[in-house]
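**Student:** Provided below: run-v1.csv, containing CSV, C-alpha atoms and all ligand atoms.
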chain,number,residue,atom,x,y,z
A,12,MET,CA,-19.6,-3.2,23.5
A,13,SER,CA,-16.1,-3.4,22.0
A,14,LEU,CA,-15.4,-5.5,19.0
A,15,LEU,CA,-11.8,-6.1,20.0
A,16,SER,CA,-10.5,-5.6,23.4
A,17,VAL,CA,-6.8,-5.9,24.4
A,18,ARG,CA,-6.2,-6.0,28.1
A,19,ASP,CA,-2.9,-5.8,30.0
A,20,LEU,CA,-1.0,-7.3,27.1
A,21,HIS,CA,2.7,-8.2,27.6
A,22,VAL,CA,4.8,-9.5,24.7
A,23,GLU,CA,8.4,-10.6,24.9
A,24,TYR,CA,11.1,-11.6,22.5
A,25,ALA,CA,13.7,-14.1,23.7
A,26,THR,CA,17.1,-13.0,22.5
A,27,ALA,CA,20.7,-14.1,23.2
A,28,ASP,CA,21.1,-11.0,25.4
A,29,GLY,CA,17.9,-11.7,27.4
A,30,PRO,CA,14.2,-10.9,27.0
A,31,VAL,CA,13.0,-7.8,25.2
A,32,GLY,CA,9.7,-6.5,26.5
A,33,ALA,CA,8.4,-5.1,23.2
A,34,VAL,CA,4.8,-4.6,24.4
A,35,ASP,CA,4.3,-3.8,28.0
A,36,ASP,CA,0.9,-3.7,29.7
A,37,VAL,CA,-1.0,-2.5,26.7
A,38,SER,CA,-4.8,-2.1,26.8
A,39,LEU,CA,-6.8,-1.0,23.8
A,40,GLU,CA,-10.5,-1.0,22.8
A,41,ILE,CA,-11.7,-1.1,19.2
A,42,GLU,CA,-15.4,-0.3,18.7
A,43,PRO,CA,-17.4,-1.6,15.8
A,44,GLU,CA,-17.1,0.6,12.7
A,45,SER,CA,-14.2,2.7,13.9
A,46,ILE,CA,-10.7,3.4,12.9
A,47,VAL,CA,-8.1,3.3,15.7
A,48,GLY,CA,-4.6,4.7,14.8
A,49,ILE,CA,-1.5,3.4,16.5
A,50,LEU,CA,1.2,6.0,16.4
A,51,GLY,CA,4.8,5.8,17.5
A,52,GLU,CA,8.4,6.1,16.4
A,53,SER,CA,10.4,3.1,15.0
A,54,GLY,CA,11.0,0.3,17.5
A,55,CYS,CA,8.2,1.3,20.0
A,56,GLY,CA,6.3,-1.9,19.5
A,57,LYS,CA,3.6,-1.2,17.0
A,58,SER,CA,4.2,-4.2,14.7
A,59,THR,CA,4.7,-6.4,17.8
A,60,LEU,CA,1.3,-5.4,19.0
A,61,ALA,CA,-0.3,-6.0,15.6
A,62,LYS,CA,1.3,-9.4,15.3
A,63,ALA,CA,0.4,-10.4,18.8
A,64,ILE,CA,-3.3,-9.5,18.1
A,65,MET,CA,-3.1,-11.7,14.9
A,66,ARG,CA,-1.2,-14.4,16.8
A,67,SER,CA,1.5,-14.1,14.1
A,68,LEU,CA,4.5,-13.5,16.3
A,69,PRO,CA,7.8,-14.9,15.2
A,70,ASP,CA,9.1,-18.0,17.0
A,71,ASN,CA,11.1,-16.1,19.6
A,72,GLY,CA,8.1,-13.9,20.5
A,73,SER,CA,5.4,-14.8,23.0
A,74,ILE,CA,2.4,-13.4,24.8
A,75,GLN,CA,3.5,-13.4,28.5
A,76,GLN,CA,0.3,-12.0,29.9
A,77,GLY,CA,-3.0,-10.4,28.9
A,78,GLU,CA,-6.2,-11.0,27.0
A,79,ILE,CA,-7.2,-10.3,23.4
A,80,GLN,CA,-10.9,-10.5,23.3
A,81,LEU,CA,-12.5,-10.6,19.8
A,82,HIS,CA,-16.3,-10.8,20.1
A,83,ASP,CA,-16.6,-13.4,22.9
A,84,GLU,CA,-13.4,-15.3,22.3
A,85,ASP,CA,-9.9,-14.8,23.6
A,86,LEU,CA,-7.4,-14.8,20.7
A,87,SER,CA,-4.5,-15.2,23.1
A,88,GLU,CA,-5.6,-18.7,24.0
A,89,MET,CA,-7.2,-19.8,20.7
A,90,SER,CA,-6.3,-23.1,19.1
A,91,GLU,CA,-4.5,-23.0,15.7
A,92,SER,CA,-7.5,-24.6,14.0
A,93,ARG,CA,-9.9,-22.0,15.3
A,94,LEU,CA,-7.4,-19.2,14.4
A,95,ARG,CA,-7.4,-20.5,10.8
A,96,GLU,CA,-11.2,-20.3,10.7
A,97,ILE,CA,-11.4,-16.7,11.9
A,98,ARG,CA,-8.4,-15.3,10.0
A,99,TRP,CA,-9.6,-13.4,6.9
A,100,GLU,CA,-13.2,-14.3,7.8
A,101,THR,CA,-13.4,-12.2,11.1
A,102,ILE,CA,-10.1,-10.5,11.4
A,103,ALA,CA,-7.7,-9.8,8.5
A,104,TYR,CA,-4.1,-8.5,8.5
A,105,ILE,CA,-2.0,-6.5,6.2
A,106,PRO,CA,1.6,-6.9,7.5
A,107,GLN,CA,4.2,-4.2,7.3
A,108,SER,CA,6.3,-4.3,4.2
A,109,ALA,CA,3.3,-6.0,2.6
A,110,MET,CA,4.8,-5.2,-0.8
A,111,GLY,CA,6.9,-8.4,-0.5
A,112,SER,CA,4.2,-10.6,0.9
A,113,LEU,CA,2.5,-11.5,-2.3
A,114,ASP,CA,3.6,-14.8,-3.7
A,115,SER,CA,5.5,-14.2,-6.9
A,116,VAL,CA,4.5,-17.6,-8.5
A,117,TYR,CA,0.8,-17.2,-8.3
A,118,THR,CA,-1.5,-14.8,-10.2
A,119,ILE,CA,-3.6,-12.2,-8.4
A,120,ARG,CA,-6.7,-14.3,-9.2
A,121,GLU,CA,-5.1,-17.4,-7.6
A,122,GLN,CA,-4.1,-15.5,-4.5
A,123,LEU,CA,-7.4,-13.7,-4.1
A,124,THR,CA,-9.6,-16.7,-4.6
A,125,GLU,CA,-7.6,-19.0,-2.4
A,126,ALA,CA,-9.0,-17.5,0.8
A,127,ILE,CA,-12.6,-17.8,-0.6
A,128,HIS,CA,-12.2,-21.5,-1.4
A,129,ALA,CA,-10.5,-22.2,1.9
A,130,HIS,CA,-13.3,-20.6,3.9
A,131,ARG,CA,-16.4,-21.0,1.8
A,132,THR,CA,-16.0,-24.5,0.3
A,133,GLU,CA,-19.4,-24.4,-1.4
A,134,THR,CA,-18.3,-21.4,-3.6
A,135,THR,CA,-17.9,-22.2,-7.3
A,136,LYS,CA,-14.8,-21.1,-9.3
A,137,THR,CA,-16.8,-18.6,-11.2
A,138,GLU,CA,-18.4,-17.1,-8.1
A,139,ALA,CA,-15.0,-16.8,-6.5
A,140,ILE,CA,-13.5,-15.0,-9.5
A,141,ASP,CA,-16.6,-12.7,-9.7
A,142,ARG,CA,-16.0,-11.8,-6.0
A,143,ALA,CA,-12.3,-11.3,-6.6
A,144,LYS,CA,-13.1,-8.9,-9.4
A,145,GLU,CA,-15.7,-7.1,-7.4
A,146,VAL,CA,-13.2,-6.5,-4.5
A,147,LEU,CA,-10.5,-5.3,-6.9
A,148,ARG,CA,-13.0,-2.7,-8.1
A,149,THR,CA,-13.7,-1.7,-4.5
A,150,VAL,CA,-10.0,-1.0,-3.9
A,151,GLY,CA,-9.8,1.0,-7.2
A,152,MET,CA,-8.0,-1.5,-9.3
A,153,ASP,CA,-8.9,-2.5,-12.8
A,154,PRO,CA,-10.2,-6.1,-12.6
A,155,SER,CA,-8.7,-7.0,-15.9
A,156,ARG,CA,-5.4,-7.1,-14.1
A,157,ILE,CA,-6.6,-10.2,-12.3
A,158,GLU,CA,-4.4,-12.6,-14.4
A,159,ASP,CA,-1.3,-10.6,-13.7
A,160,TYR,CA,1.6,-11.8,-11.5
A,161,PRO,CA,2.7,-9.5,-8.7
A,162,HIS,CA,5.9,-8.4,-10.6
A,163,GLN,CA,3.7,-7.0,-13.3
A,164,LEU,CA,2.0,-4.6,-10.9
A,165,SER,CA,3.3,-1.3,-9.6
A,166,GLY,CA,3.9,-0.9,-5.8
A,167,GLY,CA,0.7,1.0,-5.4
A,168,MET,CA,-1.3,-1.7,-7.2
A,169,ARG,CA,0.3,-4.5,-5.1
A,170,GLN,CA,-0.7,-2.6,-1.9
A,171,ARG,CA,-4.2,-2.5,-3.3
A,172,VAL,CA,-4.2,-6.2,-4.0
A,173,LEU,CA,-3.3,-6.7,-0.3
A,174,LEU,CA,-6.1,-4.5,0.7
A,175,ALA,CA,-8.4,-6.5,-1.6
A,176,MET,CA,-7.3,-9.7,0.1
A,177,ALA,CA,-8.0,-8.3,3.5
A,178,LEU,CA,-11.5,-7.3,2.5
A,179,ILE,CA,-12.5,-10.2,0.3
A,180,LEU,CA,-14.3,-12.2,3.1
A,181,GLU,CA,-15.8,-9.0,4.6
A,182,PRO,CA,-14.1,-9.3,8.0
A,183,ASP,CA,-15.3,-7.3,11.0
A,184,ILE,CA,-11.8,-5.9,11.6
A,185,VAL,CA,-8.7,-5.3,9.5
A,186,ILE,CA,-5.2,-4.7,11.1
A,187,ALA,CA,-3.2,-2.7,8.7
A,188,ASP,CA,0.5,-2.2,9.5
A,189,GLU,CA,1.9,0.9,7.7
A,190,PRO,CA,-0.4,0.5,4.7
A,191,THR,CA,0.5,3.9,3.3
A,192,THR,CA,4.3,3.8,3.8
A,193,GLY,CA,6.2,3.9,0.6
A,194,LEU,CA,3.2,5.0,-1.5
A,195,ASP,CA,3.4,8.2,-3.5
A,196,ALA,CA,1.3,11.1,-2.3
A,197,LEU,CA,-1.6,10.6,-4.7
A,198,ILE,CA,-2.1,6.9,-4.1
A,199,ARG,CA,-1.6,7.4,-0.4
A,200,ASP,CA,-4.4,10.0,-0.3
A,201,LYS,CA,-6.7,7.5,-2.2
A,202,VAL,CA,-5.9,4.7,0.2
A,203,LEU,CA,-6.6,6.9,3.2
A,204,SER,CA,-10.0,8.0,1.9
A,205,ASP,CA,-10.8,4.4,0.9
A,206,LEU,CA,-10.1,3.3,4.5
A,207,GLU,CA,-12.9,5.6,5.6
A,208,THR,CA,-15.2,4.3,2.9
A,209,TYR,CA,-14.6,0.7,4.1
A,210,ARG,CA,-15.6,1.8,7.6
A,211,ASP,CA,-18.7,3.7,6.5
A,212,GLU,CA,-20.0,1.4,3.7
A,213,PHE,CA,-19.0,-2.1,4.9
A,214,GLY,CA,-19.0,-1.4,8.6
A,215,ILE,CA,-15.4,-2.6,9.0
A,216,SER,CA,-13.2,-1.6,11.9
A,217,LEU,CA,-9.6,-0.8,11.3
A,218,VAL,CA,-6.5,-0.8,13.4
A,219,PHE,CA,-4.2,1.5,11.4
A,220,VAL,CA,-0.6,1.4,12.4
A,221,SER,CA,1.7,4.2,11.3
A,222,HIS,CA,4.5,6.4,12.3
A,223,ASP,CA,2.9,9.2,10.3
A,224,ILE,CA,0.9,11.5,12.5
A,225,ALA,CA,-0.7,13.4,9.6
A,226,ASP,CA,-2.0,10.2,8.0
A,227,LEU,CA,-3.5,9.0,11.3
A,228,VAL,CA,-5.1,12.2,12.2
A,229,GLU,CA,-6.8,12.4,8.9
A,230,THR,CA,-8.4,9.0,9.1
A,231,SER,CA,-8.5,7.7,12.7
A,232,ASP,CA,-11.4,8.2,15.1
A,233,ARG,CA,-9.2,7.4,18.0
A,234,LEU,CA,-5.5,7.5,18.4
A,235,ALA,CA,-3.2,5.4,20.7
A,236,VAL,CA,0.3,6.8,21.1
A,237,MET,CA,3.0,4.3,21.9
A,238,TYR,CA,6.4,4.9,23.4
A,239,GLY,CA,8.9,2.2,24.5
A,240,GLY,CA,6.4,-0.7,24.4
A,241,LYS,CA,3.6,1.2,26.2
A,242,ILE,CA,0.6,3.2,25.2
A,243,VAL,CA,1.2,6.5,26.8
A,244,GLU,CA,-1.9,8.4,25.6
A,245,GLN,CA,-5.2,7.3,24.0
A,246,GLY,CA,-8.2,9.3,23.0
A,247,PRO,CA,-10.3,10.8,20.2
A,248,SER,CA,-7.7,11.7,17.5
A,249,ARG,CA,-8.5,15.4,17.2
A,250,GLU,CA,-8.3,15.9,20.9
A,251,VAL,CA,-5.0,14.0,21.2
A,252,ILE,CA,-3.5,16.2,18.6
A,253,ASP,CA,-5.1,19.5,19.4
A,254,GLU,CA,-4.6,19.2,23.2
A,255,PRO,CA,-2.0,16.5,23.9
A,256,ILE,CA,-1.5,15.6,27.5
A,257,HIS,CA,1.5,13.2,27.7
A,258,PRO,CA,4.8,15.0,27.3
A,259,TYR,CA,5.8,12.6,24.5
A,260,THR,CA,2.7,13.5,22.5
A,261,ILE,CA,3.3,17.2,23.2
A,262,GLY,CA,6.9,16.9,21.9
A,263,LEU,CA,5.8,14.8,18.9
A,264,LYS,CA,3.2,17.3,17.9
A,265,ASN,CA,5.7,20.2,18.2
A,266,SER,CA,8.3,18.3,16.3
A,267,LEU,CA,6.3,17.8,13.1
A,268,PRO,CA,6.1,20.3,10.3
A,269,GLU,CA,3.0,18.8,8.8
A,270,ILE,CA,0.7,19.8,11.6
A,271,HIS,CA,2.7,22.9,12.7
A,272,SER,CA,2.4,26.1,10.8
A,273,THR,CA,5.7,27.7,11.6
A,274,PRO,CA,8.7,25.4,11.0
A,275,GLU,CA,11.1,27.7,13.0
A,276,ASP,CA,9.1,26.8,16.1
A,277,LEU,CA,9.7,23.1,15.7
A,278,ILE,CA,11.3,21.4,18.7
A,279,ALA,CA,13.9,18.6,18.2
A,280,MET,CA,13.1,15.3,19.8
A,281,GLY,CA,15.7,12.6,20.1
A,282,MET,CA,15.3,9.6,17.9
A,283,ASN,CA,16.9,7.0,20.2
A,284,PRO,CA,14.2,4.7,21.6
A,285,PRO,CA,14.4,3.5,25.2
A,286,ASN,CA,16.2,0.3,26.0
A,287,LEU,CA,13.5,-2.4,26.1
A,288,ARG,CA,15.9,-5.0,27.4
A,289,ASP,CA,16.5,-3.2,30.7
A,290,PRO,CA,13.8,-0.5,30.9
A,291,PRO,CA,13.9,2.2,33.6
A,292,ASN,CA,11.8,1.5,36.7
A,293,GLY,CA,9.7,4.6,36.3
A,294,CYS,CA,8.2,6.2,33.2
A,295,ARG,CA,9.7,5.0,30.0
A,296,PHE,CA,10.0,8.6,28.7
A,297,VAL,CA,11.8,9.9,31.8
A,298,GLU,CA,15.2,10.3,30.2
A,299,LYS,CA,13.8,12.6,27.5
A,300,CYS,CA,11.1,14.3,29.4
A,301,PRO,CA,11.7,18.0,30.2
A,302,TYR,CA,9.0,17.9,32.9
A,303,GLU,CA,10.2,14.9,34.9
A,304,THR,CA,9.8,14.9,38.7
A,305,GLU,CA,11.1,12.6,41.4
A,306,GLU,CA,8.3,10.1,41.3
A,307,CYS,CA,8.7,9.7,37.5
A,308,ARG,CA,12.0,7.8,38.2
A,309,THR,CA,10.5,5.3,40.6
A,310,THR,CA,7.2,3.9,39.4
A,311,HIS,CA,5.5,3.9,36.0
A,312,PRO,CA,2.5,6.2,36.2
A,313,GLU,CA,-0.9,4.6,36.0
A,314,PHE,CA,-2.7,4.7,32.7
A,315,ARG,CA,-5.8,6.6,33.8
A,316,GLU,CA,-8.7,8.6,32.4
A,317,VAL,CA,-7.8,12.3,32.4
A,318,ARG,CA,-10.5,13.7,30.2
A,319,PRO,CA,-13.7,11.9,29.1
A,320,GLY,CA,-12.6,9.3,26.6
A,321,THR,CA,-8.9,10.1,27.0
A,322,ARG,CA,-6.4,8.1,29.0
A,323,THR,CA,-2.8,8.9,29.7
A,324,ALA,CA,0.1,7.7,31.8
A,325,CYS,CA,1.7,10.8,33.3
A,326,TYR,CA,2.0,12.1,36.8
A,327,ARG,CA,1.6,15.6,35.6
A,328,ALA,CA,-1.4,15.0,33.4
A,329,ASP,CA,-3.5,17.5,35.4
A,330,GLU,CA,-1.1,20.3,34.5
A,331,ALA,CA,-1.2,19.5,30.7
A,332,ASP,CA,-2.3,23.0,29.7
A,333,HIS,CA,0.7,24.4,31.5
A,334,LEU,CA,3.1,21.8,30.0
A,335,ARG,CA,1.8,22.5,26.5
A,336,SER,CA,2.4,26.3,26.9
A,337,GLN,CA,5.9,25.6,28.0
A,338,ALA,CA,6.8,23.2,25.2
A,339,LYS,CA,9.0,25.6,23.3
A,340,GLU,CA,10.7,27.1,26.4
A,341,VAL,CA,11.9,23.8,28.0
A,342,THR,CA,14.8,21.8,26.8
A,343,TRP,CA,14.1,18.5,25.1
A,344,SER,CA,16.9,16.0,25.4
A,345,ASP,CA,17.9,14.6,22.0
A,346,GLU,CA,20.1,11.9,23.4
B,401,LIG,N1,12.0,-11.1,16.3
B,401,LIG,C1,12.5,-10.2,17.2
B,401,LIG,N2,13.4,-10.6,18.1
B,401,LIG,C2,13.9,-9.7,19.0
B,401,LIG,N3,13.5,-8.4,19.1
B,401,LIG,C3,12.6,-8.0,18.2
B,401,LIG,C4,12.0,-8.9,17.2
B,401,LIG,N4,11.2,-8.1,16.5
B,401,LIG,C5,11.2,-6.9,17.0
B,401,LIG,N5,12.0,-6.8,18.1
B,401,LIG,C6,12.3,-5.6,18.9
B,401,LIG,O1,11.1,-5.3,19.5
B,401,LIG,C7,10.9,-3.8,19.6
B,401,LIG,C8,9.6,-3.4,18.9
B,401,LIG,O2,9.7,-3.7,17.5
B,401,LIG,P1,8.5,-3.5,16.5
B,401,LIG,O3,8.9,-4.1,15.2
B,401,LIG,O4,7.3,-4.0,17.1
B,401,LIG,O5,8.5,-1.9,16.4
B,401,LIG,P2,7.7,-0.9,15.4
B,401,LIG,O6,7.1,0.1,16.3
B,401,LIG,O7,6.8,-1.7,14.6
B,401,LIG,O8,8.9,-0.3,14.6
B,401,LIG,P3,8.8,0.3,13.0
B,401,LIG,O9,8.2,1.6,13.0
B,401,LIG,O10,10.3,0.4,12.7
B,401,LIG,O11,8.1,-0.8,12.2
B,401,LIG,C9,12.2,-3.3,19.0
B,401,LIG,O12,13.1,-3.0,20.0
B,401,LIG,C10,12.7,-4.4,18.1
B,401,LIG,O13,14.1,-4.4,18.0
B,402,MG,MG,6.6,-1.9,12.6
Rewrite the structure from the file as structure tokens, please.
**Tutor:**
Amino acid sequence: MSLLSVRDLHVEYATADGPVGAVDDVSLEIEPESIVGILGESGCGKSTLAKAIMRSLPDNGSIQQGEIQLHDEDLSEMSESRLREIRWETIAYIPQSAMGSLDSVYTIREQLTEAIHAHRTETTKTEAIDRAKEVLRTVGMDPSRIEDYPHQLSGGMRQRVLLAMALILEPDIVIADEPTTGLDALIRDKVLSDLETYRDEFGISLVFVSHDIADLVETSDRLAVMYGGKIVEQGPSREVIDEPIHPYTIGLKNSLPEIHSTPEDLIAMGMNPPNLRDPPNGCRFVEKCPYETEECRTTHPEFREVRPGTRTACYRADEADHLRSQAKEVTWSDE
């Protein structure tokens, strides 16, 4: 049974120019002790999905439809008081640009122990500090830095403190939004290997949001590829990358030097995201897709299983082998 199950989720932002459908009919299953990567270019709705799951949307954002089942409770309908109980304890969140989210006026000790005292009222001060030091060691940080203020730490250390905070109450699941962005290569590699350790040793599940395909392939068991507010392909990471089915994933794979041996073969994909205010009727990728057909312009294709464990939303999914072989011959719109 899934630990977290998102079904048919729609999230909208109200703006002066009308509603923006940032997450559109997204379904996602997260099994216990697994890492699920959410991949997609800037503006495709990754953070909105993460915030909706955490019920941390800004005031103009709202869940219009759908369920977010965590164990046997629906997060989308949960009361604020129950949410406070389960945050950190069952589900923890590392927001994007987390670097700025530590409070500059409190020490690392104060910030780490706060969650313990709030949730485990019987814990003594000494026990809480011991636990805070233990979790700092877990994330590879010297516990003697516990009395430091955030400004005394390097960016990599601050990122580690946020990881420590997310792990301190041993939640079942951590949602990490771009936890490796902005870190230098060495620290990034350490964070990535640590994420796998948390899964294997503490049995934690992770939703790992990133625009970096290489980071995600390295760590994730499953990968969900988002485009224009929708998940267009979802399956075991290796399969999604080795044999992508959706044209967007095919293009993405062929546009990236990290996973492609010959840079001269790279294809150029346009960076302009689709308009989420007035989306096309059919497939969101239709304007850029070199394989589009008549029906792609009328109705969005169903998100269906096309290989055991892999689902995709494309009318031409059954021809994926052929589409892949043509990827370098066809013209990719870079509008
Ligand atoms: N508070 C808001 N009000 C209105 N629109 C918003 C708001 N926050 C995000 N959006 C819009 O929703 C869409 C999805 O944004 P989101 O931040 O979820 O993307 P993302 O995939 O996380 O991008 P990035 O990789 O840049 O972090 C974008 O079109 C964005 O402009
Ligand atoms: Mg984001």
**Student:** Find, counting all atoms listed in the file, the residue in A:Cys294, A:Leu147, A:Ile256, A:Ala279 that gets nearest to Glu316 (chain A).
**Tutor:** A:Ile256
**Student:** Would you mind listing what lies within 9 Å of region 130-141 of chain A as an mmCIF file with C-alpha atoms, in the frame of the given file, with all atoms listed in the file counted and same-chain residues fewer than 2 positions away left out?
**Tutor:**
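File written: part.cif
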data_model
loop_
_atom_site.group_PDB
_atom_site.id
_atom_site.type_symbol
_atom_site.label_atom_id
_atom_site.label_comp_id
_atom_site.auth_asym_id
_atom_site.auth_seq_id
_atom_site.Cartn_x
_atom_site.Cartn_y
_atom_site.Cartn_z
ATOM 1 C CA GLU A 96 -11.200 -20.300 10.700
ATOM 2 C CA TRP A 99 -9.600 -13.400 6.900
ATOM 3 C CA GLU A 100 -13.200 -14.300 7.800
ATOM 4 C CA ARG A 120 -6.700 -14.300 -9.200
ATOM 5 C CA GLU A 121 -5.100 -17.400 -7.600
ATOM 6 C CA LEU A 123 -7.400 -13.700 -4.100
ATOM 7 C CA THR A 124 -9.600 -16.700 -4.600
ATOM 8 C CA GLU A 125 -7.600 -19.000 -2.400
ATOM 9 C CA ALA A 126 -9.000 -17.500 0.800
ATOM 10 C CA ILE A 127 -12.600 -17.800 -0.600
ATOM 11 C CA HIS A 128 -12.200 -21.500 -1.400
ATOM 12 C CA ALA A 143 -12.300 -11.300 -6.600
ATOM 13 C CA LYS A 144 -13.100 -8.900 -9.400
ATOM 14 C CA GLU A 145 -15.700 -7.100 -7.400
ATOM 15 C CA VAL A 146 -13.200 -6.500 -4.500
ATOM 16 C CA ILE A 157 -6.600 -10.200 -12.300
ATOM 17 C CA LEU A 180 -14.300 -12.200 3.100
#
**Student:** Residues at most 10 Å from ligand LIG 401 (chain B), using all atoms listed in the file? Could they come as a PDB file with C-alpha atoms, keeping the file's coordinate frame?
**Tutor:**
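Here's the written file pocket22.pdb:
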ATOM      1  CA  VAL A  22       4.800  -9.500  24.700  1.00  0.00           C
ATOM      2  CA  GLU A  23       8.400 -10.600  24.900  1.00  0.00           C
ATOM      3  CA  TYR A  24      11.100 -11.600  22.500  1.00  0.00           C
ATOM      4  CA  ALA A  25      13.700 -14.100  23.700  1.00  0.00           C
ATOM      5  CA  THR A  26      17.100 -13.000  22.500  1.00  0.00           C
ATOM      6  CA  ALA A  27      20.700 -14.100  23.200  1.00  0.00           C
ATOM      7  CA  ASP A  28      21.100 -11.000  25.400  1.00  0.00           C
ATOM      8  CA  GLY A  29      17.900 -11.700  27.400  1.00  0.00           C
ATOM      9  CA  PRO A  30      14.200 -10.900  27.000  1.00  0.00           C
ATOM     10  CA  VAL A  31      13.000  -7.800  25.200  1.00  0.00           C
ATOM     11  CA  GLY A  32       9.700  -6.500  26.500  1.00  0.00           C
ATOM     12  CA  ALA A  33       8.400  -5.100  23.200  1.00  0.00           C
ATOM     13  CA  VAL A  34       4.800  -4.600  24.400  1.00  0.00           C
ATOM     14  CA  ILE A  49      -1.500   3.400  16.500  1.00  0.00           C
ATOM     15  CA  LEU A  50       1.200   6.000  16.400  1.00  0.00           C
ATOM     16  CA  GLY A  51       4.800   5.800  17.500  1.00  0.00           C
ATOM     17  CA  GLU A  52       8.400   6.100  16.400  1.00  0.00           C
ATOM     18  CA  SER A  53      10.400   3.100  15.000  1.00  0.00           C
ATOM     19  CA  GLY A  54      11.000   0.300  17.500  1.00  0.00           C
ATOM     20  CA  CYS A  55       8.200   1.300  20.000  1.00  0.00           C
ATOM     21  CA  GLY A  56       6.300  -1.900  19.500  1.00  0.00           C
ATOM     22  CA  LYS A  57       3.600  -1.200  17.000  1.00  0.00           C
ATOM     23  CA  SER A  58       4.200  -4.200  14.700  1.00  0.00           C
ATOM     24  CA  THR A  59       4.700  -6.400  17.800  1.00  0.00           C
ATOM     25  CA  LEU A  60       1.300  -5.400  19.000  1.00  0.00           C
ATOM     26  CA  ALA A  61      -0.300  -6.000  15.600  1.00  0.00           C
ATOM     27  CA  LYS A  62       1.300  -9.400  15.300  1.00  0.00           C
ATOM     28  CA  ALA A  63       0.400 -10.400  18.800  1.00  0.00           C
ATOM     29  CA  LEU A  68       4.500 -13.500  16.300  1.00  0.00           C
ATOM     30  CA  PRO A  69       7.800 -14.900  15.200  1.00  0.00           C
ATOM     31  CA  ASP A  70       9.100 -18.000  17.000  1.00  0.00           C
ATOM     32  CA  ASN A  71      11.100 -16.100  19.600  1.00  0.00           C
ATOM     33  CA  GLY A  72       8.100 -13.900  20.500  1.00  0.00           C
ATOM     34  CA  GLN A 107       4.200  -4.200   7.300  1.00  0.00           C
ATOM     35  CA  SER A 108       6.300  -4.300   4.200  1.00  0.00           C
ATOM     36  CA  ASP A 188       0.500  -2.200   9.500  1.00  0.00           C
ATOM     37  CA  GLU A 189       1.900   0.900   7.700  1.00  0.00           C
ATOM     38  CA  VAL A 220      -0.600   1.400  12.400  1.00  0.00           C
ATOM     39  CA  SER A 221       1.700   4.200  11.300  1.00  0.00           C
ATOM     40  CA  HIS A 222       4.500   6.400  12.300  1.00  0.00           C
ATOM     41  CA  ASP A 223       2.900   9.200  10.300  1.00  0.00           C
ATOM     42  CA  MET A 237       3.000   4.300  21.900  1.00  0.00           C
ATOM     43  CA  TYR A 238       6.400   4.900  23.400  1.00  0.00           C
ATOM     44  CA  GLY A 239       8.900   2.200  24.500  1.00  0.00           C
ATOM     45  CA  GLY A 240       6.400  -0.700  24.400  1.00  0.00           C
ATOM     46  CA  PRO A 284      14.200   4.700  21.600  1.00  0.00           C
ATOM     47  CA  PRO A 285      14.400   3.500  25.200  1.00  0.00           C
ATOM     48  CA  ASN A 286      16.200   0.300  26.000  1.00  0.00           C
ATOM     49  CA  LEU A 287      13.500  -2.400  26.100  1.00  0.00           C
ATOM     50  CA  ARG A 288      15.900  -5.000  27.400  1.00  0.00           C
TER      51      ARG A 288
END
**Student:** Select, from A:Leu94, A:Ala187, A:Leu14, A:Val251, the residue with the minimum atom-to-atom distance to ligand MG 402 (chain B), counting all atoms listed in the file.
**Tutor:**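 That would be A:Ala187, the residue with the smallest distance to ligand MG 402 (chain B).
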**Student:** Would you list the contacts of region 191-201 of chain A as a PyMOL selection string, taking every protein, DNA or RNA residue within 12 Å and counting only C-alpha atoms, but skipping same-chain residues closer than 5 positions in sequence?
**Tutor:** chain A and resi 105-110+149-152+165-171+173-174+206-208+219-227+229-230
**Student:** Determine, counting all atoms listed in the file, which protein, DNA and RNA residues have an atom within 8 Å of an atom of Asp19 (chain A); residues of the same chain fewer than 4 positions away are not included. Present the result as a compact mmCIF listing (two decimals) with C-alpha atoms, keeping the file's coordinate frame.
**Tutor:**
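Final file, part.txt:
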# COMPACT_ATOMS: atom_id res chain seq x y z
CA ASP A 35 4.30 -3.80 28.00
CA ASP A 36 0.90 -3.70 29.70
CA VAL A 37 -1.00 -2.50 26.70
CA SER A 38 -4.80 -2.10 26.80
CA GLN A 76 0.30 -12.00 29.90
CA GLY A 77 -3.00 -10.40 28.90
CA GLU A 78 -6.20 -11.00 27.00
**Student:** Would you mind reading off the distance between CA of Asn265 (chain A) and CA of Lys241 (chain A), one decimal, in Å?
**Tutor:**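 CA of Lys241 (chain A) lies 20.7 Å from CA of Asn265 (chain A).
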**Student:** Just the residues within 9 Å of Thr101 (chain A), please, counting all atoms listed in the file, with nothing from its chain fewer than 3 positions along; format it as a compact mmCIF listing (two decimals) with C-alpha atoms, keeping the file's coordinate frame.
**Tutor:**
# COMPACT_ATOMS: atom_id res chain seq x y z
CA LEU A 81 -12.50 -10.60 19.80
CA GLU A 96 -11.20 -20.30 10.70
CA ILE A 97 -11.40 -16.70 11.90
CA ARG A 98 -8.40 -15.30 10.00
CA LEU A 180 -14.30 -12.20 3.10
CA GLU A 181 -15.80 -9.00 4.60
CA PRO A 182 -14.10 -9.30 8.00
CA ASP A 183 -15.30 -7.30 11.00
CA ILE A 184 -11.80 -5.90 11.60
CA VAL A 185 -8.70 -5.30 9.50
**Student:** Got a sec: who's within 12 Å of Asp332 (chain A), counting only C-alpha atoms, leaving out chain neighbours fewer than 2 positions off, as a VMD selection string?
**Tutor:** chain A and resid 253 to 258 261 327 to 330 334 to 338
**Student:** Under the rule that all atoms listed in the file are counted, which of A:Ser112, A:Ser204, A:Thr342, A:Thr323 is the nearest residue to Pro161 (chain A)?
**Tutor:**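 Nearest to Pro161 (chain A): A:Ser112.
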